[in-house]
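First up is the structure itself, then whatever we jot down about it.
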Amino acid sequence: MNEPSALAPLEALGILQQDAPTLGSERVELIDALGRVLAEDLASQCDHPGVDNSGLDGYACRVGDAADARQAAPARLRLVGEAPAGRPFDGRVGPGEAIRIFTGAAVPAGADGIVPVEASREVEGGWVELLQPARAADIRRRAQDLEQGQVYLRRGRRLDAAALGLAAGMGHGTVPAVRRPRVALLTTGDEVVDPGRPLQRGQVYDSNAASLMALGQAAGASMVRLPRVGDDAGALERALEQLGAVDLLLTSGGVSMGRYDRVRDLLFGRGAVRFWKVAMKPGGPALYGRLGELPVLGLPGNPVSSMVVFLVLARAYLDAALGRSDPPPYLDRRPARAGTPFHGAAAKESLPRARLTHGAEGIVATALTNQSSGVLRSMSEGDALVVVPAGRDIAAGETIDVIPLAGHLR
Ligand code: AMP
Ligand code: MG
């Protein structure tokens, strides 16, 4: 069933990016900022290192005083002090002199080289013998890492462990972060029940609530879960009346062709539909529109479809709202080699699940055997989507685009 009216995924993604709000910003403690998106460029408030300092535990001296030092003919220098990290040696290292120095300690005036402690021995009477030449390269230069006033993190950067460390190193105790988008999740379906209790005949556990809440959190949204409703128009409307201000309502189920698909009915009846059906598999019935001011993205109920549509479409919306500078998952692809055939569909782009292995010849993608959109296991056992263009089959050995998933699932 290939609707000529179905939008290409890229067009649907473009509509969502266009429709995304611009979110304000707030100051966040750096310690709490993992996963947040920078609202402004961050410049360094200091040089790093702040001073020339030693890259080793050892002895600082003048390079010329230990130029020919070796095991058989050590350079003997007068030990005039020491510089532990954080406690600079205030004097000057003169000709024929050395100080004990420790990693990270400021290199004193006069010294221009370091000999590692392993290539030295202290001699009674206040001397040290150096068994190899002093090296200037073991001095870490002031500002070799960060220069005060320079921008090292740009707005739009999602803060990961490395960026948080860098922000801290630049002196920022708090950071300007884009406000989290508020996203409400409503799962629907007469047959859907909470996990943790016995199933009646014909029922399924609400796996979408679990996966979609997690996907939303991983995307940096502030997620609110509404109480699930059955396939009942009245219950659906009442649920939405309880809804506070959100930037996006995500629904699960009820957007397909069935007689009891109430989310579809509601959006067509009382809302403004921007698109229904996207030429992608899984995820074809995806629906997007507005109910009054409220943007609503209707995800199909099939567990794989709901996750894939979240990753392809909801993420495009949320990433745009957050002003993220990295591409949304659908556009963040890697070249790989097909390790198995991947079957396409006539007028839809297919996004089958695959497992990636990283070998000498690059990334190889192996198809999971069951590609049904109801097979939850494929999202957990696979770690990538393969992009199979409409109307094509991919043979083993062909070069393909894959969308790695790991980074987007947590
Ligand atoms: P629907 O999109 O409502 O036509 O549902 C498609 C399929 O997904 C049906 O087999 C449903 O039972 C299943 N399904 C719907 N909602 C969920 C959910 N929240 N968790 C797991 N499966 C679901
Ligand atoms: Mg249903």
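Labels for the structure tokens follow display order: chains A, B, ..., residues from 1 in each chain, ligands from 1.
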
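Within segment 129-178 of chain A, DSSP run on the backbone puts these residues in helix (DSSP H, G or I): Ala136, Ala137, Asp138, Ala161, Ala162, Ala163, Leu164, Gly165, Leu166, Ala167, Ala168 and Gly169 of chain A.
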
- Task: Find the spatial neighbours of segment 332-335 of chain A, counting only C-alpha atoms, within a cut-off of 6 Å - ignore same-chain residues fewer than 6 positions away - and output them as an MDAnalysis selection string.
- Result: chainID A and resid 400:403

- Name the residues, by chain letter and number, that sit within 10 Å of ligand 2 using only C-alpha atoms and all ligand atoms, and give them as an MDAnalysis selection string. chainID A and resid 187:192 230:231 252:263 300:302

I need the residues from that last selection saved to file as a compact mmCIF listing (two decimals), in the first residue's frame (with C-alpha atoms), if you can.
# COMPACT_ATOMS: atom_id res chain seq x y z
CA THR A 187 0.29 5.86 24.82
CA THR A 188 -3.02 4.53 23.58
CA GLY A 189 -4.64 1.20 22.86
CA ASP A 190 -7.38 -0.97 24.35
CA GLU A 191 -5.08 -3.96 24.39
CA VAL A 192 -2.11 -2.22 25.98
CA GLY A 230 -7.92 3.11 25.31
CA ASP A 231 -9.14 3.43 21.73
CA SER A 252 1.70 6.13 20.46
CA GLY A 253 -0.77 4.01 18.52
CA GLY A 254 -4.03 4.83 16.77
CA VAL A 255 -2.66 6.66 13.71
CA SER A 256 -3.00 3.91 11.13
CA MET A 257 -5.83 2.85 8.81
CA GLY A 258 -8.02 1.05 11.35
CA ARG A 259 -11.50 1.93 12.42
CA TYR A 260 -10.38 2.41 16.04
CA ASP A 261 -7.41 4.61 15.28
CA ARG A 262 -8.60 7.53 17.39
CA VAL A 263 -5.56 9.74 17.37
CA PRO A 300 2.57 4.23 15.18
CA GLY A 301 1.98 1.66 17.90
CA ASN A 302 4.31 -1.03 16.64

- Task: Extract, using only C-alpha atoms, all DNA, RNA and protein residues at most 9 Å from Gly24 of chain A, discarding same-chain residues fewer than 3 positions from it, and format them as a list of chain:residue names.
- Result: A:Ala39, A:Ala177, A:Val178, A:Arg179, A:Arg180

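Minimum distance to Ala279 of chain A across A:Ala390, A:Val309, A:Ala168, A:Val193 (counting only C-alpha atoms) occurs at A:Ala390.
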
- Task: For segment 324-331 of chain A, list every protein, DNA or RNA residue within 7 Å, evaluated using only C-alpha atoms, and leave out those in the same chain fewer than 4 positions away; present the list as number ranges by chain.
- Result: A: 37, 156-158, 311-312, 315-316, 319-320, 403

Export C-alpha atoms of the chosen residues as a PDB file, in the first residue's frame?
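Just written: out_36.pdb:
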ATOM      1  CA  VAL A  37      22.796  22.000  25.008  1.00  0.00           C
ATOM      2  CA  GLY A 156      24.529  24.202  20.068  1.00  0.00           C
ATOM      3  CA  ARG A 157      27.070  21.795  21.522  1.00  0.00           C
ATOM      4  CA  ARG A 158      25.516  18.989  23.508  1.00  0.00           C
ATOM      5  CA  LEU A 311      14.599   8.799  16.101  1.00  0.00           C
ATOM      6  CA  VAL A 312      13.906  10.054  12.592  1.00  0.00           C
ATOM      7  CA  ARG A 315      14.537  13.949  17.180  1.00  0.00           C
ATOM      8  CA  ALA A 316      14.601  16.327  14.223  1.00  0.00           C
ATOM      9  CA  ASP A 319      17.179  18.835  18.105  1.00  0.00           C
ATOM     10  CA  ALA A 320      16.010  21.883  16.153  1.00  0.00           C
ATOM     11  CA  ILE A 403      22.699   5.160  11.219  1.00  0.00           C
TER      12      ILE A 403
END

- Note on the structure: Across A:Val224, A:Leu297, A:Ile394, A:Val229, the smallest distance to Gly271 of chain A, with only C-alpha atoms counted, is shown by A:Leu297

- Task: Using only C-alpha atoms, find the one residue out of A:Ala345, A:Leu166, A:Leu409, A:Leu318 that sits nearest to Arg392 of chain A.
- Result: A:Ala345

- Could you give me, as a ChimeraX atom specification, the residues within 12 Å of Ala245 of chain A, counting only C-alpha atoms and dropping anything in the same chain fewer than 6 positions from it? /A:181-184,222,224,293-295

- Task: Determine, counting only C-alpha atoms, which protein, DNA and RNA residues have an atom within 7 Å of an atom of segment 8-21 of chain A; residues of the same chain fewer than 2 positions away are not included. Present the result as number ranges by chain.
- Result: A: 6, 23, 278-280, 313, 316-317, 320-321

- Which residues in segment 222-351 of chain A does DSSP call strand (DSSP E or B)? List them as a VMD selection string. chain A and resid 222 to 225 229 248 to 252 272 to 276 278 280 to 281 287 to 291 294 to 299 334 to 338 342 349 to 350

- Query: Taking into account only C-alpha atoms and all ligand atoms, which residue in the set A:Ser306, A:Gln371, A:Thr366, A:Gln242 is nearest to ligand 1?
  - Reply: A:Ser306

- Message: Need the shell around segment 137-143 of chain A: protein/DNA/RNA residues with any atom at most 9 Å away, counting only C-alpha atoms. Skip same-chain ones fewer than 3 positions apart. Format as a count of residues only?
- Response: 22

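For the residues A:Leu299, A:Ala233, A:Ala105, A:Ala119, ranking by smallest atom-to-atom distance to Leu185 of chain A using only C-alpha atoms places A:Leu299 first.
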
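Nearest residue to Leu226 of chain A, choosing from A:Ala314, A:Leu159, A:Ala239, A:Ala214 and counting only C-alpha atoms: A:Ala239.
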